[in-house]
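The file input39.cif comes next; it holds mmCIF, C-alpha atoms.
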data_upload
loop_
_atom_site.label_atom_id
_atom_site.label_comp_id
_atom_site.auth_asym_id
_atom_site.auth_seq_id
_atom_site.Cartn_x
_atom_site.Cartn_y
_atom_site.Cartn_z
CA MET Q 1 44.86 -115.75 7.56
CA PRO Q 2 46.37 -114.03 10.64
CA GLN Q 3 49.92 -112.92 10.20
CA SER Q 4 52.54 -114.67 12.30
CA SER Q 5 54.19 -112.51 14.95
CA ALA Q 6 57.58 -111.03 14.09
CA PRO Q 7 60.56 -113.04 15.30
CA ARG Q 8 62.09 -111.86 18.55
CA PRO Q 9 65.55 -110.34 18.15
CA PRO Q 10 68.37 -112.32 19.78
CA LEU Q 11 69.79 -111.10 23.08
CA ARG Q 12 72.70 -112.57 24.97
CA LEU Q 13 72.20 -112.21 28.71
CA LEU Q 14 75.26 -112.32 30.98
CA ILE Q 15 74.15 -112.86 34.58
CA ALA Q 16 76.71 -112.05 37.26
CA ALA Q 17 77.42 -114.43 40.12
CA PRO Q 18 77.51 -113.86 43.02
CA ARG Q 19 74.44 -111.61 43.04
CA GLY Q 20 71.45 -110.97 45.24
CA PHE Q 21 71.01 -111.96 48.87
CA CYS Q 22 74.03 -112.08 51.17
CA ALA Q 23 74.27 -113.95 54.47
CA GLY Q 24 73.45 -110.84 56.52
CA VAL Q 25 70.27 -110.15 54.54
CA ASP Q 26 69.22 -113.82 54.72
CA ARG Q 27 69.70 -113.75 58.49
CA ALA Q 28 67.73 -110.52 58.96
CA ILE Q 29 64.73 -111.78 57.00
CA VAL Q 30 64.72 -115.12 58.84
CA ILE Q 31 64.82 -113.25 62.17
CA VAL Q 32 61.58 -111.43 61.30
CA GLU Q 33 59.96 -114.64 60.02
CA ARG Q 34 60.99 -116.64 63.11
CA ALA Q 35 59.74 -113.88 65.41
CA LEU Q 36 56.37 -114.00 63.65
CA GLU Q 37 56.28 -117.79 64.05
CA SER Q 38 57.16 -117.57 67.76
CA TYR Q 39 55.08 -114.58 68.85
CA GLY Q 40 52.45 -114.26 66.16
CA ALA Q 41 51.53 -111.07 64.36
CA PRO Q 42 52.20 -108.28 64.72
CA VAL Q 43 55.98 -108.08 64.99
CA TYR Q 44 57.33 -104.55 64.71
CA VAL Q 45 60.47 -103.73 62.73
CA ARG Q 46 62.37 -100.49 63.25
CA HIS Q 47 63.27 -99.19 59.77
CA GLU Q 48 63.23 -101.34 56.64
CA ILE Q 49 64.74 -104.68 57.62
CA VAL Q 50 66.74 -104.48 54.37
CA HIS Q 51 66.52 -101.98 51.52
CA ASN Q 52 64.12 -103.79 49.19
CA LYS Q 53 60.42 -103.01 48.72
CA TYR Q 54 59.53 -106.54 47.60
CA VAL Q 55 61.07 -108.01 50.75
CA VAL Q 56 59.41 -105.44 53.00
CA ASP Q 57 56.00 -105.93 51.36
CA THR Q 58 56.32 -109.72 51.66
CA LEU Q 59 57.02 -109.43 55.39
CA LYS Q 60 54.16 -106.95 55.82
CA ALA Q 61 51.82 -109.52 54.32
CA LYS Q 62 52.98 -111.99 56.98
CA GLY Q 63 52.24 -109.56 59.81
CA ALA Q 64 55.33 -107.36 60.19
CA ILE Q 65 54.75 -103.67 60.88
CA PHE Q 66 57.53 -101.29 59.89
CA VAL Q 67 58.11 -98.08 61.83
CA GLU Q 68 60.78 -95.41 61.86
CA GLU Q 69 61.24 -94.98 65.60
CA LEU Q 70 60.92 -97.09 68.72
CA ASP Q 71 58.32 -94.65 70.09
CA GLN Q 72 55.92 -96.04 67.47
CA VAL Q 73 56.18 -99.57 68.92
CA PRO Q 74 53.42 -100.30 71.48
CA ASP Q 75 54.16 -102.04 74.74
CA GLY Q 76 54.00 -105.82 74.87
CA VAL Q 77 54.97 -106.63 71.27
CA PRO Q 78 58.34 -107.80 69.93
CA VAL Q 79 60.49 -105.52 67.81
CA VAL Q 80 63.32 -106.28 65.38
CA PHE Q 81 66.18 -103.89 64.59
CA SER Q 82 67.23 -103.69 60.94
CA ALA Q 83 70.29 -105.29 59.34
CA HIS Q 84 72.01 -101.89 59.05
CA GLY Q 85 72.53 -101.54 62.79
CA VAL Q 86 71.20 -99.05 65.33
CA PRO Q 87 72.73 -96.59 67.81
CA LYS Q 88 73.29 -97.96 71.32
CA ALA Q 89 70.49 -95.76 72.60
CA VAL Q 90 67.88 -97.82 70.74
CA PRO Q 91 68.32 -101.19 72.50
CA ALA Q 92 68.85 -99.30 75.77
CA LYS Q 93 65.46 -97.65 75.31
CA ALA Q 94 63.88 -101.01 74.44
CA GLN Q 95 65.30 -102.51 77.63
CA ALA Q 96 64.00 -99.60 79.69
CA ARG Q 97 60.52 -100.32 78.31
CA ASN Q 98 60.91 -104.09 78.89
CA LEU Q 99 60.33 -104.74 75.20
CA THR Q 100 61.29 -108.07 73.69
CA TYR Q 101 63.68 -107.18 70.90
CA PHE Q 102 65.85 -108.99 68.36
CA ASP Q 103 68.86 -107.35 66.79
CA ALA Q 104 69.14 -108.24 63.09
CA THR Q 105 72.29 -106.13 62.63
CA CYS Q 106 74.58 -107.87 60.14
CA PRO Q 107 77.45 -109.45 62.11
CA LEU Q 108 79.92 -107.70 59.80
CA VAL Q 109 78.40 -104.34 60.77
CA SER Q 110 78.49 -105.37 64.44
CA LYS Q 111 82.19 -106.05 63.98
CA VAL Q 112 82.68 -102.44 62.86
CA HIS Q 113 80.75 -101.28 65.95
CA ARG Q 114 83.12 -103.20 68.22
CA GLN Q 115 86.13 -101.78 66.39
CA ALA Q 116 84.79 -98.26 66.88
CA GLU Q 117 84.33 -98.80 70.61
CA ARG Q 118 87.83 -100.22 70.94
CA GLN Q 119 89.52 -97.37 69.06
CA VAL Q 120 87.76 -94.76 71.19
CA MET Q 121 88.68 -96.61 74.38
CA GLU Q 122 92.30 -96.49 73.24
CA GLY Q 123 92.10 -92.72 72.83
CA ARG Q 124 91.90 -92.44 69.05
CA HIS Q 125 89.66 -90.20 66.97
CA ILE Q 126 87.95 -92.19 64.22
CA LEU Q 127 87.67 -91.13 60.62
CA PHE Q 128 84.67 -93.05 59.32
CA VAL Q 129 84.50 -93.51 55.55
CA GLY Q 130 80.87 -93.63 54.51
CA HIS Q 131 77.79 -91.85 53.15
CA ASP Q 132 76.06 -89.20 55.22
CA GLY Q 133 72.60 -90.24 56.37
CA HIS Q 134 72.93 -93.95 55.59
CA PRO Q 135 71.42 -96.06 58.41
CA GLU Q 136 74.68 -97.98 58.85
CA VAL Q 137 76.58 -94.72 59.34
CA ILE Q 138 74.00 -93.45 61.84
CA GLY Q 139 74.17 -96.74 63.73
CA THR Q 140 77.97 -96.75 63.87
CA PHE Q 141 78.20 -93.13 65.03
CA GLY Q 142 75.74 -94.08 67.74
CA GLN Q 143 78.18 -96.59 69.23
CA VAL Q 144 80.62 -93.95 70.51
CA PRO Q 145 80.40 -90.60 72.34
CA ASP Q 146 79.61 -87.50 70.30
CA GLY Q 147 82.73 -85.94 68.81
CA SER Q 148 84.65 -89.23 68.74
CA MET Q 149 84.18 -89.75 65.01
CA THR Q 150 84.35 -87.66 61.82
CA LEU Q 151 82.63 -88.66 58.58
CA ILE Q 152 84.84 -88.82 55.48
CA GLU Q 153 82.87 -89.16 52.23
CA THR Q 154 85.46 -88.31 49.57
CA VAL Q 155 89.17 -88.10 48.84
CA GLU Q 156 88.75 -84.33 49.15
CA ASP Q 157 87.36 -84.78 52.68
CA ALA Q 158 90.38 -86.93 53.54
CA GLU Q 159 92.72 -84.29 52.15
CA ALA Q 160 91.03 -81.41 53.98
CA PHE Q 161 90.66 -83.00 57.43
CA ALA Q 162 92.69 -81.17 60.08
CA PRO Q 163 93.10 -83.30 63.22
CA THR Q 164 93.91 -82.03 66.67
CA ASP Q 165 96.32 -84.94 67.17
CA PRO Q 166 97.56 -86.61 63.95
CA GLU Q 167 99.23 -89.34 66.02
CA SER Q 168 95.97 -90.58 67.55
CA LEU Q 169 93.76 -91.42 64.59
CA ALA Q 170 91.95 -94.53 63.37
CA PHE Q 171 89.79 -95.20 60.32
CA LEU Q 172 86.83 -97.49 59.73
CA THR Q 173 84.52 -97.87 56.75
CA GLN Q 174 80.89 -98.49 55.92
CA THR Q 175 80.47 -102.07 54.68
CA THR Q 176 78.65 -101.26 51.41
CA LEU Q 177 81.01 -98.82 49.70
CA SER Q 178 82.79 -98.85 46.36
CA VAL Q 179 85.94 -100.91 46.80
CA ASP Q 180 87.91 -98.63 44.46
CA ASP Q 181 86.67 -95.35 45.94
CA THR Q 182 87.34 -96.53 49.46
CA ALA Q 183 90.87 -97.65 48.58
CA ALA Q 184 91.60 -94.17 47.20
CA ILE Q 185 90.32 -92.49 50.37
CA VAL Q 186 92.24 -94.84 52.65
CA ASP Q 187 95.40 -94.30 50.60
CA MET Q 188 95.03 -90.55 51.12
CA LEU Q 189 94.51 -90.99 54.87
CA ARG Q 190 97.54 -93.25 55.19
CA ARG Q 191 99.65 -90.83 53.17
CA ARG Q 192 98.66 -87.84 55.27
CA PHE Q 193 98.65 -89.63 58.62
CA PRO Q 194 101.24 -92.43 58.68
CA ALA Q 195 100.37 -93.31 62.28
CA ILE Q 196 96.68 -93.89 61.52
CA VAL Q 197 95.32 -97.24 62.71
CA GLY Q 198 92.86 -99.28 60.69
CA PRO Q 199 91.63 -102.82 60.12
CA ARG Q 200 93.85 -105.20 58.13
CA GLY Q 201 91.48 -104.84 55.20
CA GLU Q 202 88.79 -102.22 54.77
CA ASP Q 203 85.49 -103.14 56.39
CA ILE Q 204 83.70 -103.49 53.05
CA CYS Q 205 81.88 -106.77 53.39
CA TYR Q 206 82.69 -109.86 51.35
CA ALA Q 207 79.34 -109.71 49.55
CA THR Q 208 79.71 -106.08 48.47
CA SER Q 209 83.22 -106.76 47.21
CA ASN Q 210 82.22 -109.99 45.45
CA ARG Q 211 79.30 -108.35 43.65
CA GLN Q 212 81.46 -105.50 42.43
CA THR Q 213 84.09 -107.95 41.18
CA ALA Q 214 81.39 -109.93 39.36
CA VAL Q 215 80.15 -106.79 37.59
CA LYS Q 216 83.69 -105.90 36.54
CA ALA Q 217 84.00 -109.39 35.04
CA ILE Q 218 81.01 -108.97 32.74
CA ALA Q 219 80.87 -105.21 32.08
CA SER Q 220 83.46 -105.23 29.29
CA ARG Q 221 81.49 -107.97 27.52
CA CYS Q 222 78.15 -106.14 27.65
CA ASP Q 223 76.53 -103.30 25.72
CA ALA Q 224 74.45 -102.32 28.76
CA LEU Q 225 73.75 -103.60 32.26
CA TYR Q 226 70.76 -103.69 34.61
CA VAL Q 227 71.18 -103.77 38.38
CA ILE Q 228 68.17 -105.01 40.33
CA GLY Q 229 67.98 -103.15 43.61
CA ALA Q 230 66.39 -100.31 45.55
CA PRO Q 231 67.28 -96.65 45.04
CA ASN Q 232 68.19 -96.39 48.74
CA SER Q 233 70.42 -99.47 48.60
CA SER Q 234 74.04 -98.34 48.83
CA ASN Q 235 75.55 -101.58 47.56
CA SER Q 236 73.18 -101.62 44.55
CA LEU Q 237 74.05 -98.06 43.58
CA ARG Q 238 77.74 -98.94 43.77
CA LEU Q 239 77.16 -101.72 41.21
CA VAL Q 240 75.75 -99.17 38.76
CA GLU Q 241 78.85 -97.03 39.32
CA VAL Q 242 81.21 -99.97 38.81
CA SER Q 243 79.68 -100.77 35.42
CA THR Q 244 79.58 -97.14 34.31
CA ARG Q 245 83.23 -96.64 35.20
CA ALA Q 246 84.08 -99.71 33.16
CA GLY Q 247 82.52 -97.96 30.17
CA THR Q 248 79.24 -99.90 30.12
CA PRO Q 249 76.04 -97.89 30.67
CA ALA Q 250 74.04 -99.22 33.60
CA ARG Q 251 70.67 -98.56 35.19
CA LEU Q 252 69.06 -99.48 38.48
CA ILE Q 253 65.63 -101.14 38.37
CA GLN Q 254 63.52 -102.50 41.20
CA ARG Q 255 61.37 -104.96 39.26
CA ALA Q 256 60.55 -106.19 35.76
CA GLY Q 257 58.02 -103.41 35.33
CA ASP Q 258 60.86 -100.88 35.40
CA ILE Q 259 62.55 -102.28 32.28
CA ASP Q 260 62.94 -99.64 29.57
CA PHE Q 261 62.81 -101.61 26.33
CA ASP Q 262 63.61 -98.50 24.30
CA TRP Q 263 66.94 -98.39 26.17
CA LEU Q 264 67.60 -101.95 25.01
CA GLU Q 265 67.11 -101.06 21.33
CA GLY Q 266 70.10 -102.36 19.39
CA ILE Q 267 71.62 -104.11 22.42
CA GLY Q 268 73.25 -107.43 21.60
CA THR Q 269 74.54 -108.38 25.05
CA LEU Q 270 72.91 -107.29 28.30
CA GLY Q 271 74.47 -107.71 31.73
CA LEU Q 272 72.32 -108.44 34.76
CA THR Q 273 73.04 -108.47 38.47
CA ALA Q 274 71.25 -107.81 41.76
CA GLY Q 275 72.21 -105.99 44.92
CA ALA Q 276 72.62 -107.81 48.22
CA SER Q 277 69.05 -107.03 49.31
CA ALA Q 278 67.34 -108.23 46.13
CA PRO Q 279 65.91 -111.79 46.10
CA GLU Q 280 66.53 -114.18 43.22
CA VAL Q 281 62.80 -114.22 42.42
CA LEU Q 282 63.19 -110.67 41.09
CA VAL Q 283 66.10 -111.74 38.87
CA ARG Q 284 63.98 -114.46 37.32
CA GLU Q 285 61.07 -112.04 36.95
CA VAL Q 286 63.32 -109.67 34.98
CA VAL Q 287 64.73 -112.49 32.83
CA ASP Q 288 61.22 -113.74 32.03
CA ARG Q 289 60.03 -110.26 31.08
CA ILE Q 290 63.01 -109.72 28.79
CA GLY Q 291 62.27 -113.12 27.24
CA GLU Q 292 58.87 -111.84 26.14
CA ARG Q 293 60.58 -109.40 23.75
CA PHE Q 294 63.86 -111.14 22.93
CA ASP Q 295 65.15 -114.58 22.07
CA VAL Q 296 67.33 -114.81 25.15
CA THR Q 297 70.48 -116.87 25.58
CA GLU Q 298 71.54 -116.93 29.24
CA GLU Q 299 75.09 -117.28 30.49
CA GLN Q 300 76.03 -117.12 34.15
CA VAL Q 301 79.49 -115.72 34.87
CA GLU Q 302 80.70 -116.86 38.27
CA THR Q 303 83.66 -115.14 39.92
CA ALA Q 304 83.28 -116.48 43.48
CA ARG Q 305 81.24 -118.89 45.58
CA GLU Q 306 79.77 -117.74 48.86
CA THR Q 307 79.25 -120.25 51.66
CA ILE Q 308 79.06 -117.91 54.67
CA ALA Q 309 76.09 -118.23 57.03
CA PHE Q 310 75.44 -116.34 60.27
CA LYS Q 311 73.83 -117.65 63.46
CA LEU Q 312 70.42 -116.41 64.56
CA PRO Q 313 69.92 -114.60 67.88
CA ARG Q 314 69.32 -116.71 70.95
CA GLY Q 315 65.70 -117.71 71.24
CA LEU Q 316 65.04 -117.89 67.51
CA GLU Q 317 67.31 -120.74 66.46
CA THR Q 318 64.61 -123.39 66.62
CA ALA Q 319 61.49 -121.26 66.39
#

What does the file become when written as structure tokens?
Amino acid sequence: MPQSSAPRPPLRLLIAAPRGFCAGVDRAIVIVERALESYGAPVYVRHEIVHNKYVVDTLKAKGAIFVEELDQVPDGVPVVFSAHGVPKAVPAKAQARNLTYFDATCPLVSKVHRQAERQVMEGRHILFVGHDGHPEVIGTFGQVPDGSMTLIETVEDAEAFAPTDPESLAFLTQTTLSVDDTAAIVDMLRRRFPAIVGPRGEDICYATSNRQTAVKAIASRCDALYVIGAPNSSNSLRLVEVSTRAGTPARLIQRAGDIDFDWLEGIGTLGLTAGASAPEVLVREVVDRIGERFDVTEEQVETARETIAFKLPRGLETA
């Protein structure tokens, strides 16, 4: 007689909430989908609409074409700008070419852009806390004249910066940073430059902050933690850091196929979350795959409820 399969070892799965898509990501994806409905394929998208391969591939299958620069967009087709924001020169170039374009920049990033413009108009030099090369940083720097802003990546950068006029400084931050790291940098800036002007709270978005808080709530109860997200997703990488700093080893995976079951050997409780660009379908995919090897007991740990929604650009509301 065939032998029965060995029993699956038990595994407690703590799933963080909030997790996954935020309002800005939802809005950006809907903008591309509505543009496809209104204009038909192809619709061009400058840069990844959000940092997630599954999302990008899904939109490609519907007729979206992703390019790096506006020069790659032919005349007569609509183009969408990514959720991370673009320099002012990009929509100006689109207008000069009479292209139909839709700006999917997250409204919270757009708010930072307006703050940057205002601070420069008032004669202040901006210290921008962020990561070099991130699309959001590039887009924000592109809102103001060259030389108006200095990138600050670390506490050491904040300590070393030597301003021409310490009395005329402002700070702003990328929206997807570590809450704790950013607080330390801002504290250093405020200590060194008491006259520095900044927003009432850092510009880290509600979703980034909420997801980090949710990870902190489960990390101490877990033996290990998986973050579902892309390797170029800033907010997802920060979730790995948050767990690691709490003493719980964490890894970033993009999909269920990336699960390292050897890493889960001897694990009794596994934490699971997803970055703001990762859809819930990938969370369920990971849970189902883990369930093939373990007798899983799921528990959702909710630390906040998100009800924010952003309006679509004019012309796409009822597409």

Report as a PyMOL selection string all protein, DNA and RNA residues lying within 8 Å of range 20-29 of chain Q, evaluated on only C-alpha atoms, omitting residues in the same chain fewer than 4 positions from it. chain Q and resi 33+49-50+82-83+104-108+207+273-280+308-312

For the selection just defined, write its residues with C-alpha atoms to a file, as a compact mmCIF listing (two decimals), keeping the file's coordinate frame.
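Writing the result to again-v5.txt gives the following:
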# COMPACT_ATOMS: atom_id res chain seq x y z
CA GLU Q 33 59.96 -114.64 60.02
CA ILE Q 49 64.74 -104.68 57.62
CA VAL Q 50 66.74 -104.48 54.37
CA SER Q 82 67.23 -103.69 60.94
CA ALA Q 83 70.29 -105.29 59.34
CA ALA Q 104 69.14 -108.24 63.09
CA THR Q 105 72.29 -106.13 62.63
CA CYS Q 106 74.58 -107.87 60.14
CA PRO Q 107 77.45 -109.45 62.11
CA LEU Q 108 79.92 -107.70 59.80
CA ALA Q 207 79.34 -109.71 49.55
CA THR Q 273 73.04 -108.47 38.47
CA ALA Q 274 71.25 -107.81 41.76
CA GLY Q 275 72.21 -105.99 44.92
CA ALA Q 276 72.62 -107.81 48.22
CA SER Q 277 69.05 -107.03 49.31
CA ALA Q 278 67.34 -108.23 46.13
CA PRO Q 279 65.91 -111.79 46.10
CA GLU Q 280 66.53 -114.18 43.22
CA ILE Q 308 79.06 -117.91 54.67
CA ALA Q 309 76.09 -118.23 57.03
CA PHE Q 310 75.44 -116.34 60.27
CA LYS Q 311 73.83 -117.65 63.46
CA LEU Q 312 70.42 -116.41 64.56

- Task: Please identify all polymer residues within 9 Å of Pro18 in chain Q, counting all atoms listed in the file, omitting same-chain residues fewer than 6 positions from it, and present them as a PyMOL selection string.
- Result: chain Q and resi 207+210-211+214+273-274+301-306

From CA of Thr154 in chain Q to CA of Val129 in chain Q the spacing works out at 8.0 Å

* Run through the PyMOL selection byres ((chain Q and resi 185) around 9) on the given coordinates and return the selected residues as number ranges by chain. => Q: 129, 152-159, 180-184, 186-190

Could the residues in this selection be saved with C-alpha atoms as a PDB file, in the coordinates of the input?
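Ended up saving to out-v1.pdb:
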ATOM      1  CA  VAL Q 129      84.500 -93.510  55.550  1.00  0.00           C
ATOM      2  CA  ILE Q 152      84.840 -88.820  55.480  1.00  0.00           C
ATOM      3  CA  GLU Q 153      82.870 -89.160  52.230  1.00  0.00           C
ATOM      4  CA  THR Q 154      85.460 -88.310  49.570  1.00  0.00           C
ATOM      5  CA  VAL Q 155      89.170 -88.100  48.840  1.00  0.00           C
ATOM      6  CA  GLU Q 156      88.750 -84.330  49.150  1.00  0.00           C
ATOM      7  CA  ASP Q 157      87.360 -84.780  52.680  1.00  0.00           C
ATOM      8  CA  ALA Q 158      90.380 -86.930  53.540  1.00  0.00           C
ATOM      9  CA  GLU Q 159      92.720 -84.290  52.150  1.00  0.00           C
ATOM     10  CA  ASP Q 180      87.910 -98.630  44.460  1.00  0.00           C
ATOM     11  CA  ASP Q 181      86.670 -95.350  45.940  1.00  0.00           C
ATOM     12  CA  THR Q 182      87.340 -96.530  49.460  1.00  0.00           C
ATOM     13  CA  ALA Q 183      90.870 -97.650  48.580  1.00  0.00           C
ATOM     14  CA  ALA Q 184      91.600 -94.170  47.200  1.00  0.00           C
ATOM     15  CA  VAL Q 186      92.240 -94.840  52.650  1.00  0.00           C
ATOM     16  CA  ASP Q 187      95.400 -94.300  50.600  1.00  0.00           C
ATOM     17  CA  MET Q 188      95.030 -90.550  51.120  1.00  0.00           C
ATOM     18  CA  LEU Q 189      94.510 -90.990  54.870  1.00  0.00           C
ATOM     19  CA  ARG Q 190      97.540 -93.250  55.190  1.00  0.00           C
TER      20      ARG Q 190
END

Run the PyMOL selection byres ((chain Q and resi 136) around 9) against the file shown and list the residues it catches, as a short mmCIF file (atom, residue, chain, number, x, y, z; two decimals) with C-alpha atoms, in the coordinates of the input.
data_model
loop_
_atom_site.label_atom_id
_atom_site.label_comp_id
_atom_site.auth_asym_id
_atom_site.auth_seq_id
_atom_site.Cartn_x
_atom_site.Cartn_y
_atom_site.Cartn_z
CA ALA Q 83 70.29 -105.29 59.34
CA HIS Q 84 72.01 -101.89 59.05
CA GLY Q 85 72.53 -101.54 62.79
CA VAL Q 86 71.20 -99.05 65.33
CA VAL Q 109 78.40 -104.34 60.77
CA GLY Q 130 80.87 -93.63 54.51
CA HIS Q 131 77.79 -91.85 53.15
CA GLY Q 133 72.60 -90.24 56.37
CA HIS Q 134 72.93 -93.95 55.59
CA PRO Q 135 71.42 -96.06 58.41
CA VAL Q 137 76.58 -94.72 59.34
CA ILE Q 138 74.00 -93.45 61.84
CA GLY Q 139 74.17 -96.74 63.73
CA THR Q 140 77.97 -96.75 63.87
CA PHE Q 141 78.20 -93.13 65.03
CA GLN Q 174 80.89 -98.49 55.92
CA THR Q 175 80.47 -102.07 54.68
#

Legend entry - Asp71 in chain Q surroundings by only C-alpha atoms, 12 Å radius, close-in-sequence under 6 positions cut, as a count of residues only: 9

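Take the candidates Q:Ala35, Q:Leu316, Q:Val73, Q:Ile259 and check each one against Gly291 in chain Q using all atoms listed in the file; the shortest distance goes to Q:Ile259.
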
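Interatomic distance, CA of Pro87 in chain Q to CA of Ser209 in chain Q: 25.3 Å.
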
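Each of Q:Gln95, Q:Thr150, Q:Leu225, Q:His113 was checked against Pro163 in chain Q using only C-alpha atoms; the smallest atom-to-atom distance is that of Q:Thr150.
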
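Between CA of Glu122 in chain Q and CA of Ala170 in chain Q the separation is 10.1 Å.
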
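Considering the residues Q:Leu36, Q:Val55, Q:Val215, Q:Ala17 and counting all atoms listed in the file, Gln254 in chain Q has its shortest atom-to-atom contact with Q:Val55.
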
When you write range 121-136 of chain Q out from the block above, keep N, CA and C atoms and present the result as a short mmCIF file (atom, residue, chain, number, x, y, z; two decimals), in the first residue's frame, please.
data_model
loop_
_atom_site.label_atom_id
_atom_site.label_comp_id
_atom_site.auth_asym_id
_atom_site.auth_seq_id
_atom_site.Cartn_x
_atom_site.Cartn_y
_atom_site.Cartn_z
N MET Q 121 10.78 80.09 -3.61
CA MET Q 121 10.26 81.43 -3.87
C MET Q 121 10.49 82.36 -2.69
N GLU Q 122 10.49 81.79 -1.49
CA GLU Q 122 10.71 82.59 -0.28
C GLU Q 122 12.19 82.74 0.06
N GLY Q 123 13.05 82.28 -0.83
CA GLY Q 123 14.48 82.53 -0.69
C GLY Q 123 15.24 81.54 0.16
N ARG Q 124 14.66 80.36 0.39
CA ARG Q 124 15.35 79.37 1.22
C ARG Q 124 16.01 78.30 0.36
N HIS Q 125 17.14 77.80 0.88
CA HIS Q 125 17.79 76.64 0.28
C HIS Q 125 17.22 75.39 0.96
N ILE Q 126 16.86 74.40 0.14
CA ILE Q 126 16.18 73.21 0.66
C ILE Q 126 17.16 72.07 0.88
N LEU Q 127 17.09 71.48 2.05
CA LEU Q 127 17.79 70.23 2.32
C LEU Q 127 16.76 69.12 2.16
N PHE Q 128 16.95 68.29 1.14
CA PHE Q 128 15.96 67.25 0.83
C PHE Q 128 16.47 65.91 1.33
N VAL Q 129 15.73 65.33 2.26
CA VAL Q 129 16.10 64.05 2.85
C VAL Q 129 15.54 62.94 1.97
N GLY Q 130 16.43 62.15 1.37
CA GLY Q 130 15.98 61.11 0.47
C GLY Q 130 17.13 60.26 -0.01
N HIS Q 131 16.83 59.37 -0.98
CA HIS Q 131 17.82 58.43 -1.51
C HIS Q 131 18.23 58.83 -2.92
N ASP Q 132 19.50 58.99 -3.13
CA ASP Q 132 20.04 59.40 -4.42
C ASP Q 132 19.57 58.46 -5.53
N GLY Q 133 19.08 59.04 -6.61
CA GLY Q 133 18.68 58.25 -7.77
C GLY Q 133 17.25 57.74 -7.76
N HIS Q 134 16.55 57.87 -6.62
CA HIS Q 134 15.16 57.41 -6.60
C HIS Q 134 14.31 58.34 -7.47
N PRO Q 135 13.36 57.78 -8.25
CA PRO Q 135 12.56 58.62 -9.15
C PRO Q 135 11.85 59.78 -8.44
N GLU Q 136 11.42 59.56 -7.21
CA GLU Q 136 10.74 60.64 -6.48
C GLU Q 136 11.71 61.78 -6.19
#
